[in-house]
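A.B. asks: Once you've had a glance at the structure underneath, I'll fire off some questions.
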Amino acid sequence: MSDSAHSAETLLSVEDLKVHFETDEGIVKAVDGVSFEVKRGEMLGIVGESGSGKSVANLTILGLTRASNATISGRIMFEGRDLTELGGEELQRIRGNEIAMIFQDPLSSLHPFFKVGDQLIEAIQVHRDVSKEEARKHATDLLGLVGIPDAKRRIGEYPHEFSGGMRQRVMIAMALANDPKLLIADEPTTALDVTTQAQILRLIERLREELGMAMIIVTHDLGVVAEVSDRVMVMYAGEAVESGTLDQIFYDPQHPYAWGLLGSLTRIDRPRTARLAQIAGQPPSLIRPPKGCHFRDRCPHAFEKCTEHPDLEARGGEAGHTDRCWIDPERKRELRVVSTGEIGLEAPEEVTS
Amino acid sequence: MARFIVRRLIASIFLLIVVSAVVFLLFYVFPSADPAQLRAGRQANADQIQAIRESLGLDKSVIAQFWIYIKGVFTPLDLPGTDSHGPLYFGHSYQSNADVKDVIFSDLPATVMLVVGAVIVWMGVAIPTGIISAVRRRSFLDRATMITTLIFISAPVFWLGLVFLYLFADDVGLIPIFPGIGSYGAADTFAGKVGAMILPWLVLGLATAAIYARYLRSQMLDVMEEDYIRTAYAKGLPDKRVIMKHTLRSAITPIVTLLGLDVAVLLAGNAILTETVFNIPGVGAETFNAIKRSDLPMIQGITLFGAFFIVTLNLVVDIAYAYLDPRVRYD
């Protein structure tokens with residue numbers, strides 16, 4: 001956590017963002033009233049399982065939620081402009097220029113028919129009035145910056161000639177092409193093998209320190225967030241259920257869903273339990289989520305109050321630490337400890353062997 | 001790449017020999033009129049027919065006849081009983097006694113002209129139609145073009161040809177603006193021949209354009225779902241560039257395969273219906289006459305030519321693919 005992050009001004013502010021998709025079965029509330037802020041130079045981690053709305057929320061920031069059945073409401077303020085109100089051309093000037101994005105699967109995110117260099121040059125020239133030669137030189141520098149050896153030669157190769165990790169480096173280089181103020185990384189390491197994941201995370205950390213841009217990293221893996229984030233937002237069923245600094249979320253988690261995520265984390269600094277912990281049950285339907293707390297069907301600690309929908313607010317933790325759980329903060333400290341010093345979410349119907 | 005091409009060329013020659021063997025076999029296995037009898041006419045006696053049979057070499061065994069034929073087509077060796085020799089000697093027509101090669105070469109220009117013009121019409125119509133209906137999916141325009149293409153796909157070419165003649169031919173048409181039946185043969189200038197081709201081009205072109213437009217539309221829709229198209233938008237590229245460069249580049253590749261095969265098949269005589277309706281003296285019309293008259297050397301020659309076009313264009317398509325899709329490499 002960098003100290004400057006707290007005093008710095010807000011770069012992006014998402015206010016009550018809703019993204020609903022109209023389908024034959026009903027309205028899918030993929031994102032249902034999410035608010036968050038990203039300050040200059042800050043790294044925000046957004047964590048949640050598949051279908052929690054974290055990717056949709058971030059695609060919407062860039063105006064990439066293109067489905068004709070989507071309804072978007074709320075405000076996305078970026079440097080004084082509301083991105084939800086901008087026209088196509090204004091958004092194009094921001095995409096890949098002020099806000100850039102990298103995606104989950106580097107194997108399918110690069111165009112298979114164009115050379116890596118040409119794809120980079122295109123990303124540069126669409127926003128900058130430079131000659132092809134200057135763009136090519138900049139592209140070569142970018143490949144060097146993200147740690148691709150022999151960049152001069154590899155710039156003339158096609159994506160299929162790169163390994164998965166190298167392709168993700170190319171994607172990162174492309175995202176950095178125009179010195180974005182905000183970089184959104186949507187599951188940037190999920191499709192990679194474990195050693196490559198670590199390399200890419202180190203690269204992301206290094207680049208953020210060198211370039212000082214703000215970042216949103218979207219992942220289902222708390223381990224990834226622990227490595228790189230300043231602040232963390234936990235999403236569940238289209239809502240933020242807890243938000244705080246990295247330390248707050250890891251050492252004083254308030255929401256049982258966050259306990260579950262922490263408990264399912266494999267950690268080598270803890271004794272190995274017989275089986276990998278998991279959160280019982282399935283994520284709820286986004287068309288008809290449970291009334292009240294969306295997590296209560298899967299929560300072993302649910303009580304009567306949970307049929308009321310809790311707001312995201314400070315509930316006795318430190319300042320800036322908010323959550324959506326009705327349980328008394330004192331009681332939470334007892335409930336979340338599953339064994340000595342270990343936070344988790346017990347699954348009452350399952351016998352721990 | 002060079003090794004790949006050489007290997008394919010050698011394989012092609014073997015394939016052509018097999019094709020001629022199959023045509024030979026079909027001709028002898030299935031009943032057809034005796035060519036010697038047909039040539040001799042109704043008044044001929046048995047001796048005359050026998051003399052003709054010997055002069056055509058039909059008295060020899062099937063194997064011997066096949067060997068002579070293969071020698072003529074593929075080798076420069078002398079052929080017994082004639083002063084002709086190969087390679088590319090396909091024999092003489094049983095009916096007109098004309099050299100088969102000369103007949104095919106004199107028919108080819110009309111067919112090539114028909115096919116090339118039709119390809120321009122169908123690609124010219126199909127590419128914009130396919131793109132627009134993919135981009136404006138479910139719009140009125142999309143639905144209207146898809147219904148129109150369905151009509152053209154369902155309409156047989158010979159029927160469509162007659163409708164177009166009824167509407168536009170300058171002799172019988174309701175709006176007499178284009179030259180009609182037989183005008184190609186009658187025209188003696190290039191401009192005249194182009195004019196005569198307008199209706200055939202439209203008929204053959206529009207019928208095929210319908211299929212291509214639908215195919216391109218579905219290809220475009222598939223590609224638009226790809227991650228790399230989302231990347232292109234995320235880079236901040238304008239919609240037009242994403243569609244015309246990134247999407248079309250991927251969507252058009254399978255169309256090239258289709259185009260190569262369709263052109264080959266049309267050159268091989270599949271334009272027979274269009275040529276017949278408009279009375280164009282092309283390869284298709286020649287095929288029709290040769291079959292009617294049991295003219296084995298003509299049928300054999302045209303079939304081999306067709307097989308040659310198909311094999312060659314297949315090779316061209318494969319080579320083109322290596323340039324279109326960098327992931328494809330031959331070695």
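Each chain in the structure tokens gets a letter, A, B, ..., in the order shown, and its residues are numbered from 1; ligands are numbered from 1 in order too.
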Residues of chain A within 10 Å of chain B, using only C-alpha atoms, as a ChimeraX atom specification?

C.D. replies: /A:59,62-66,88-115,119-120,122-127,157-161,171,174-175,177-178

A.B. asks: Would you mind exporting C-alpha atoms of the selected residues as a compact mmCIF listing (two decimals), in the first residue's frame?

C.D. replies:
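As a result, part_15.txt now contains:
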# COMPACT_ATOMS: atom_id res chain seq x y z
CA LEU A 59 -16.17 -3.77 -19.82
CA LEU A 62 -14.84 1.20 -21.62
CA GLY A 63 -18.23 1.08 -23.30
CA LEU A 64 -17.56 -2.46 -24.50
CA THR A 65 -20.86 -3.87 -23.26
CA ARG A 66 -22.24 -3.93 -26.76
CA GLY A 88 -18.90 6.54 -29.94
CA GLU A 89 -16.06 8.70 -31.24
CA GLU A 90 -15.33 10.30 -27.86
CA LEU A 91 -15.18 6.87 -26.27
CA GLN A 92 -12.84 5.66 -29.03
CA ARG A 93 -10.43 8.46 -28.15
CA ILE A 94 -10.39 7.28 -24.53
CA ARG A 95 -10.15 3.54 -25.21
CA GLY A 96 -6.61 2.28 -25.54
CA ASN A 97 -5.40 5.82 -24.90
CA GLU A 98 -6.45 7.10 -21.47
CA ILE A 99 -7.97 3.81 -20.31
CA ALA A 100 -6.52 0.56 -21.61
CA MET A 101 -7.56 -2.99 -20.98
CA ILE A 102 -5.97 -6.43 -21.00
CA PHE A 103 -8.00 -9.59 -21.11
CA GLN A 104 -8.09 -13.05 -19.70
CA ASP A 105 -7.09 -15.23 -22.61
CA PRO A 106 -3.99 -13.99 -24.44
CA LEU A 107 -4.30 -16.91 -26.89
CA SER A 108 -7.49 -15.57 -28.41
CA SER A 109 -7.10 -11.85 -27.71
CA LEU A 110 -4.61 -11.12 -30.48
CA HIS A 111 -5.67 -11.24 -34.13
CA PRO A 112 -4.21 -14.46 -35.56
CA PHE A 113 -3.73 -13.04 -39.07
CA PHE A 114 -1.73 -9.90 -38.27
CA LYS A 115 1.87 -9.62 -37.14
CA GLN A 119 -1.10 -4.84 -34.13
CA LEU A 120 1.03 -2.71 -31.82
CA GLU A 122 -2.05 0.12 -35.15
CA ALA A 123 -2.70 0.72 -31.44
CA ILE A 124 -0.15 3.54 -31.43
CA GLN A 125 -1.17 5.19 -34.69
CA VAL A 126 -4.88 5.25 -33.94
CA HIS A 127 -4.20 7.70 -31.09
CA GLU A 157 6.24 -12.58 -35.92
CA TYR A 158 2.65 -13.73 -35.68
CA PRO A 159 0.83 -14.35 -32.37
CA HIS A 160 0.89 -18.14 -32.83
CA GLU A 161 4.69 -18.02 -32.71
CA MET A 171 -1.18 -7.62 -24.74
CA MET A 174 -0.29 -2.95 -26.45
CA ALA A 175 -2.25 -1.63 -23.46
CA ALA A 177 1.21 1.89 -25.96
CA ASN A 178 -0.28 5.31 -25.22

A.B. asks: Mind the document's chain letters and residue numbers, and return as a PyMOL selection string the residues of segment 92-252 of chain B that DSSP labels alpha helix (DSSP H).

C.D. replies: chain B and resi 100-135+140-154+157-168+183-186+190-224+227-234+239-241+248-252

A.B. asks: Quick one: residues within 7 Å of segment 258-266 of chain A, only C-alpha atoms counted, chain neighbours fewer than 3 positions away excluded, as a PyMOL selection string?

C.D. replies: chain A and resi 253+255+276-279+336+343-345

A.B. asks: Mind checking which residues fall within 12 Å of Thr196 of chain A, counting only C-alpha atoms, ignoring those fewer than 3 positions away in the same chain, and posting them as a list in words?

C.D. replies: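 Close residues of Thr196 of chain A: Ser163, Gly164, Gly165, Met166, Arg167, Gln168, Arg169, Pro188, Thr189, Thr190, Ala191, Leu192, Asp193, Gln199, Ile200, Leu201, Arg202 and Leu203 of chain A.
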
A.B. asks: Looking at B:Val311, B:Ile147, B:Ile132, B:Ala213, which one is nearest to Ile243 of chain B, with distances taken over only C-alpha atoms?

C.D. replies: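 Looking only at the distances to Ile243 of chain B, the closest residue turns out to be B:Ile132.
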
A.B. asks: Would you list the contacts of segment 287-292 of chain A as a VMD selection string, taking every protein, DNA or RNA residue within 12 Å and counting only C-alpha atoms, but skipping same-chain residues closer than 3 positions in sequence?

C.D. replies: chain A and resid 20 to 32 51 to 52 236 to 239 282 to 284 295 to 298 302 to 311 324 to 326

A.B. asks: Please produce an output containing N, CA and C atoms for each residue in the selection, written as a JSON list (two decimals), in the first residue's frame.

C.D. replies:
[["chain", "number", "residue", "atom", "x", "y", "z"],
["A", 20, "HIS", "N", -28.03, -4.20, -16.76],
["A", 20, "HIS", "CA", -29.06, -5.24, -16.81],
["A", 20, "HIS", "C", -29.22, -5.74, -18.23],
["A", 21, "PHE", "N", -29.39, -7.05, -18.37],
["A", 21, "PHE", "CA", -29.62, -7.62, -19.69],
["A", 21, "PHE", "C", -31.02, -8.21, -19.76],
["A", 22, "GLU", "N", -31.74, -7.79, -20.77],
["A", 22, "GLU", "CA", -33.09, -8.32, -20.91],
["A", 22, "GLU", "C", -33.03, -9.65, -21.67],
["A", 23, "THR", "N", -33.52, -10.72, -21.08],
["A", 23, "THR", "CA", -33.52, -12.01, -21.76],
["A", 23, "THR", "C", -34.94, -12.58, -21.72],
["A", 24, "ASP", "N", -35.13, -13.72, -22.40],
["A", 24, "ASP", "CA", -36.45, -14.35, -22.42],
["A", 24, "ASP", "C", -36.88, -14.79, -21.03],
["A", 25, "GLU", "N", -35.90, -15.17, -20.20],
["A", 25, "GLU", "CA", -36.23, -15.66, -18.85],
["A", 25, "GLU", "C", -36.51, -14.52, -17.88],
["A", 26, "GLY", "N", -36.06, -13.33, -18.20],
["A", 26, "GLY", "CA", -36.24, -12.20, -17.30],
["A", 26, "GLY", "C", -35.05, -11.28, -17.39],
["A", 27, "ILE", "N", -34.99, -10.29, -16.51],
["A", 27, "ILE", "CA", -33.89, -9.33, -16.55],
["A", 27, "ILE", "C", -32.72, -9.85, -15.72],
["A", 28, "VAL", "N", -31.56, -10.03, -16.38],
["A", 28, "VAL", "CA", -30.36, -10.48, -15.67],
["A", 28, "VAL", "C", -29.66, -9.25, -15.12],
["A", 29, "LYS", "N", -29.61, -9.16, -13.78],
["A", 29, "LYS", "CA", -28.97, -8.00, -13.15],
["A", 29, "LYS", "C", -27.50, -8.32, -12.92],
["A", 30, "ALA", "N", -26.71, -8.23, -14.01],
["A", 30, "ALA", "CA", -25.31, -8.63, -13.94],
["A", 30, "ALA", "C", -24.53, -7.71, -13.00],
["A", 31, "VAL", "N", -24.80, -6.42, -13.08],
["A", 31, "VAL", "CA", -24.21, -5.45, -12.16],
["A", 31, "VAL", "C", -25.37, -4.65, -11.60],
["A", 32, "ASP", "N", -25.50, -4.62, -10.27],
["A", 32, "ASP", "CA", -26.72, -4.04, -9.71],
["A", 32, "ASP", "C", -26.38, -3.02, -8.61],
["A", 51, "GLY", "N", -19.45, -14.81, -12.81],
["A", 51, "GLY", "CA", -20.84, -14.40, -12.78],
["A", 51, "GLY", "C", -21.16, -13.40, -11.68],
["A", 52, "SER", "N", -20.13, -12.89, -10.98],
["A", 52, "SER", "CA", -20.42, -11.92, -9.94],
["A", 52, "SER", "C", -20.57, -10.52, -10.51],
["A", 236, "TYR", "N", -20.23, -9.94, -5.18],
["A", 236, "TYR", "CA", -21.02, -11.16, -5.14],
["A", 236, "TYR", "C", -22.39, -10.88, -5.76],
["A", 237, "ALA", "N", -22.77, -11.67, -6.75],
["A", 237, "ALA", "CA", -24.09, -11.57, -7.39],
["A", 237, "ALA", "C", -24.43, -10.14, -7.81],
["A", 238, "GLY", "N", -23.49, -9.48, -8.47],
["A", 238, "GLY", "CA", -23.78, -8.17, -9.05],
["A", 238, "GLY", "C", -23.62, -7.02, -8.08],
["A", 239, "GLU", "N", -23.22, -7.31, -6.83],
["A", 239, "GLU", "CA", -23.07, -6.23, -5.84],
["A", 239, "GLU", "C", -21.68, -6.29, -5.21],
["A", 282, "GLN", "N", -24.27, -22.92, -4.75],
["A", 282, "GLN", "CA", -24.00, -22.29, -6.04],
["A", 282, "GLN", "C", -24.31, -20.79, -5.96],
["A", 283, "PRO", "N", -23.67, -19.97, -6.79],
["A", 283, "PRO", "CA", -24.03, -18.56, -6.84],
["A", 283, "PRO", "C", -25.51, -18.43, -7.22],
["A", 284, "PRO", "N", -26.21, -17.43, -6.70],
["A", 284, "PRO", "CA", -27.64, -17.32, -6.94],
["A", 284, "PRO", "C", -27.95, -16.87, -8.37],
["A", 295, "PHE", "N", -26.32, -13.47, -0.24],
["A", 295, "PHE", "CA", -25.46, -14.59, 0.11],
["A", 295, "PHE", "C", -26.12, -15.51, 1.14],
["A", 296, "ARG", "N", -27.30, -15.15, 1.63],
["A", 296, "ARG", "CA", -27.79, -15.84, 2.83],
["A", 296, "ARG", "C", -28.08, -17.32, 2.61],
["A", 297, "ASP", "N", -28.44, -17.73, 1.37],
["A", 297, "ASP", "CA", -28.69, -19.15, 1.11],
["A", 297, "ASP", "C", -27.45, -20.01, 1.32],
["A", 298, "ARG", "N", -26.28, -19.39, 1.14],
["A", 298, "ARG", "CA", -25.04, -20.16, 1.25],
["A", 298, "ARG", "C", -24.33, -19.89, 2.57],
["A", 302, "ALA", "N", -26.49, -17.26, 8.71],
["A", 302, "ALA", "CA", -27.65, -16.42, 8.40],
["A", 302, "ALA", "C", -28.67, -16.47, 9.54],
["A", 303, "PHE", "N", -29.31, -15.32, 9.80],
["A", 303, "PHE", "CA", -30.38, -15.27, 10.80],
["A", 303, "PHE", "C", -31.52, -14.41, 10.27],
["A", 304, "GLU", "N", -32.55, -14.15, 11.11],
["A", 304, "GLU", "CA", -33.79, -13.52, 10.62],
["A", 304, "GLU", "C", -33.54, -12.21, 9.88],
["A", 305, "LYS", "N", -32.65, -11.42, 10.43],
["A", 305, "LYS", "CA", -32.38, -10.08, 9.89],
["A", 305, "LYS", "C", -31.92, -10.14, 8.42],
["A", 306, "CYS", "N", -31.36, -11.29, 8.02],
["A", 306, "CYS", "CA", -30.75, -11.40, 6.69],
["A", 306, "CYS", "C", -31.78, -11.35, 5.56],
["A", 307, "THR", "N", -33.07, -11.43, 5.88],
["A", 307, "THR", "CA", -34.08, -11.29, 4.83],
["A", 307, "THR", "C", -34.25, -9.82, 4.42],
["A", 308, "GLU", "N", -33.64, -8.92, 5.20],
["A", 308, "GLU", "CA", -33.60, -7.52, 4.78],
["A", 308, "GLU", "C", -32.32, -7.28, 4.01],
["A", 309, "HIS", "N", -32.41, -6.44, 2.99],
["A", 309, "HIS", "CA", -31.23, -6.21, 2.15],
["A", 309, "HIS", "C", -30.29, -5.22, 2.83],
["A", 310, "PRO", "N", -29.04, -5.63, 3.17],
["A", 310, "PRO", "CA", -28.12, -4.71, 3.86],
["A", 310, "PRO", "C", -27.45, -3.75, 2.88],
["A", 311, "ASP", "N", -27.24, -2.52, 3.30],
["A", 311, "ASP", "CA", -26.49, -1.56, 2.48],
["A", 311, "ASP", "C", -25.00, -1.77, 2.68],
["A", 324, "ARG", "N", -21.61, -5.50, 3.62],
["A", 324, "ARG", "CA", -23.05, -5.73, 3.59],
["A", 324, "ARG", "C", -23.41, -6.93, 4.44],
["A", 325, "CYS", "N", -23.11, -6.92, 5.73],
["A", 325, "CYS", "CA", -23.48, -8.06, 6.57],
["A", 325, "CYS", "C", -24.09, -7.57, 7.88],
["A", 326, "TRP", "N", -25.22, -8.18, 8.26],
["A", 326, "TRP", "CA", -25.96, -7.74, 9.45],
["A", 326, "TRP", "C", -25.35, -8.23, 10.76]]

A.B. asks: Excluding same-chain residues fewer than 5 positions from Gly41 of chain A, what lies within 6 Å of it counting only C-alpha atoms, as a VMD selection string?

C.D. replies: chain A and resid 212 to 214

A.B. asks: Give me the residues within 10 Å of segment 17-21 of chain B as a list in words, counting only C-alpha atoms and dropping any in the same chain fewer than 6 places off.

C.D. replies: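 The residues satisfying every condition are Phe27, Ile63, Phe66, Trp67, Tyr69, Ile70, Val73, Phe74, Gln300, Gly301, Thr303, Leu304, Ala307 and Phe308 of chain B.
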
A.B. asks: Would you mind writing down, as a PDB file with N, CA and C atoms, in the first residue's frame, each residue of segment 89-265 of chain A that DSSP on the backbone assigns to strand (DSSP E or B)?

C.D. replies:
ATOM      1  N   ARG A  95     -10.549   4.951 -25.202  1.00  0.00           N
ATOM      2  CA  ARG A  95     -10.145   3.543 -25.206  1.00  0.00           C
ATOM      3  C   ARG A  95      -8.739   3.355 -25.756  1.00  0.00           C
ATOM      4  N   ILE A  99      -7.676   5.033 -21.053  1.00  0.00           N
ATOM      5  CA  ILE A  99      -7.970   3.810 -20.311  1.00  0.00           C
ATOM      6  C   ILE A  99      -7.671   2.632 -21.232  1.00  0.00           C
ATOM      7  N   ALA A 100      -6.825   1.723 -20.794  1.00  0.00           N
ATOM      8  CA  ALA A 100      -6.516   0.556 -21.613  1.00  0.00           C
ATOM      9  C   ALA A 100      -6.922  -0.686 -20.856  1.00  0.00           C
ATOM     10  N   MET A 101      -7.055  -1.787 -21.606  1.00  0.00           N
ATOM     11  CA  MET A 101      -7.560  -2.995 -20.979  1.00  0.00           C
ATOM     12  C   MET A 101      -6.789  -4.212 -21.477  1.00  0.00           C
ATOM     13  N   ILE A 102      -6.499  -5.136 -20.565  1.00  0.00           N
ATOM     14  CA  ILE A 102      -5.971  -6.427 -20.999  1.00  0.00           C
ATOM     15  C   ILE A 102      -6.926  -7.518 -20.543  1.00  0.00           C
ATOM     16  N   LEU A 182      -5.246   4.836 -16.706  1.00  0.00           N
ATOM     17  CA  LEU A 182      -5.866   3.724 -15.995  1.00  0.00           C
ATOM     18  C   LEU A 182      -5.733   2.459 -16.844  1.00  0.00           C
ATOM     19  N   LEU A 183      -5.275   1.391 -16.207  1.00  0.00           N
ATOM     20  CA  LEU A 183      -5.179   0.110 -16.897  1.00  0.00           C
ATOM     21  C   LEU A 183      -6.112  -0.870 -16.201  1.00  0.00           C
ATOM     22  N   ILE A 184      -7.026  -1.466 -16.980  1.00  0.00           N
ATOM     23  CA  ILE A 184      -7.932  -2.462 -16.412  1.00  0.00           C
ATOM     24  C   ILE A 184      -7.439  -3.833 -16.856  1.00  0.00           C
ATOM     25  N   ALA A 185      -7.125  -4.687 -15.899  1.00  0.00           N
ATOM     26  CA  ALA A 185      -6.654  -6.033 -16.230  1.00  0.00           C
ATOM     27  C   ALA A 185      -7.727  -7.024 -15.793  1.00  0.00           C
ATOM     28  N   ASP A 186      -8.378  -7.654 -16.772  1.00  0.00           N
ATOM     29  CA  ASP A 186      -9.469  -8.578 -16.482  1.00  0.00           C
ATOM     30  C   ASP A 186      -8.923 -10.002 -16.449  1.00  0.00           C
ATOM     31  N   ALA A 214      -2.791   4.211 -12.624  1.00  0.00           N
ATOM     32  CA  ALA A 214      -3.750   3.536 -11.761  1.00  0.00           C
ATOM     33  C   ALA A 214      -4.154   2.227 -12.426  1.00  0.00           C
ATOM     34  N   MET A 215      -4.568   1.262 -11.605  1.00  0.00           N
ATOM     35  CA  MET A 215      -4.950  -0.030 -12.183  1.00  0.00           C
ATOM     36  C   MET A 215      -6.144  -0.628 -11.481  1.00  0.00           C
ATOM     37  N   ILE A 216      -6.959  -1.310 -12.253  1.00  0.00           N
ATOM     38  CA  ILE A 216      -7.991  -2.166 -11.667  1.00  0.00           C
ATOM     39  C   ILE A 216      -7.637  -3.585 -12.082  1.00  0.00           C
ATOM     40  N   ILE A 217      -7.481  -4.464 -11.125  1.00  0.00           N
ATOM     41  CA  ILE A 217      -7.211  -5.853 -11.477  1.00  0.00           C
ATOM     42  C   ILE A 217      -8.427  -6.677 -11.062  1.00  0.00           C
ATOM     43  N   VAL A 218      -9.013  -7.356 -12.043  1.00  0.00           N
ATOM     44  CA  VAL A 218     -10.228  -8.124 -11.806  1.00  0.00           C
ATOM     45  C   VAL A 218      -9.836  -9.589 -11.746  1.00  0.00           C
ATOM     46  N   THR A 219     -10.210 -10.276 -10.678  1.00  0.00           N
ATOM     47  CA  THR A 219      -9.787 -11.666 -10.567  1.00  0.00           C
ATOM     48  C   THR A 219     -10.711 -12.441  -9.648  1.00  0.00           C
ATOM     49  N   ARG A 231      -6.163  -1.496  -2.552  1.00  0.00           N
ATOM     50  CA  ARG A 231      -7.495  -1.658  -1.989  1.00  0.00           C
ATOM     51  C   ARG A 231      -8.203  -2.801  -2.698  1.00  0.00           C
ATOM     52  N   VAL A 232      -9.220  -3.371  -2.040  1.00  0.00           N
ATOM     53  CA  VAL A 232      -9.907  -4.544  -2.571  1.00  0.00           C
ATOM     54  C   VAL A 232     -11.416  -4.332  -2.476  1.00  0.00           C
ATOM     55  N   MET A 233     -12.107  -4.728  -3.516  1.00  0.00           N
ATOM     56  CA  MET A 233     -13.564  -4.754  -3.459  1.00  0.00           C
ATOM     57  C   MET A 233     -13.996  -6.185  -3.763  1.00  0.00           C
ATOM     58  N   VAL A 234     -14.836  -6.740  -2.893  1.00  0.00           N
ATOM     59  CA  VAL A 234     -15.310  -8.108  -3.095  1.00  0.00           C
ATOM     60  C   VAL A 234     -16.707  -8.027  -3.697  1.00  0.00           C
ATOM     61  N   MET A 235     -16.903  -8.692  -4.817  1.00  0.00           N
ATOM     62  CA  MET A 235     -18.222  -8.657  -5.472  1.00  0.00           C
ATOM     63  C   MET A 235     -18.913 -10.000  -5.361  1.00  0.00           C
ATOM     64  N   TYR A 236     -20.231  -9.938  -5.176  1.00  0.00           N
ATOM     65  CA  TYR A 236     -21.021 -11.164  -5.135  1.00  0.00           C
ATOM     66  C   TYR A 236     -22.386 -10.878  -5.759  1.00  0.00           C
ATOM     67  N   GLU A 239     -23.217  -7.307  -6.834  1.00  0.00           N
ATOM     68  CA  GLU A 239     -23.069  -6.234  -5.840  1.00  0.00           C
ATOM     69  C   GLU A 239     -21.684  -6.286  -5.214  1.00  0.00           C
ATOM     70  N   ALA A 240     -21.244  -5.128  -4.693  1.00  0.00           N
ATOM     71  CA  ALA A 240     -20.062  -5.134  -3.848  1.00  0.00           C
ATOM     72  C   ALA A 240     -20.527  -5.538  -2.461  1.00  0.00           C
ATOM     73  N   VAL A 241     -19.913  -6.583  -1.857  1.00  0.00           N
ATOM     74  CA  VAL A 241     -20.334  -6.997  -0.515  1.00  0.00           C
ATOM     75  C   VAL A 241     -19.349  -6.518   0.541  1.00  0.00           C
ATOM     76  N   GLU A 242     -18.124  -6.183   0.128  1.00  0.00           N
ATOM     77  CA  GLU A 242     -17.173  -5.647   1.089  1.00  0.00           C
ATOM     78  C   GLU A 242     -16.111  -4.855   0.343  1.00  0.00           C
ATOM     79  N   SER A 243     -15.647  -3.778   0.994  1.00  0.00           N
ATOM     80  CA  SER A 243     -14.641  -2.953   0.351  1.00  0.00           C
ATOM     81  C   SER A 243     -13.729  -2.357   1.414  1.00  0.00           C
ATOM     82  N   GLY A 244     -12.428  -2.407   1.180  1.00  0.00           N
ATOM     83  CA  GLY A 244     -11.500  -1.858   2.159  1.00  0.00           C
ATOM     84  C   GLY A 244     -10.080  -1.934   1.639  1.00  0.00           C
ATOM     85  N   THR A 245      -9.129  -1.626   2.527  1.00  0.00           N
ATOM     86  CA  THR A 245      -7.741  -1.750   2.104  1.00  0.00           C
ATOM     87  C   THR A 245      -7.388  -3.234   2.073  1.00  0.00           C
TER      88      THR A 245
END

A.B. asks: Report the distance between atom CA of Glu275 of chain B and atom CA of Ser183 of chain B in Å, rounded to one decimal place.

C.D. replies: 11.8 Å

A.B. asks: Which residue, A:Val225, A:Met43, A:Val34, A:Leu207, has the smallest gap to Ile72 of chain A when you use only C-alpha atoms?

C.D. replies: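 Looking at the shortest contact to Ile72 of chain A, the residue is A:Val34.
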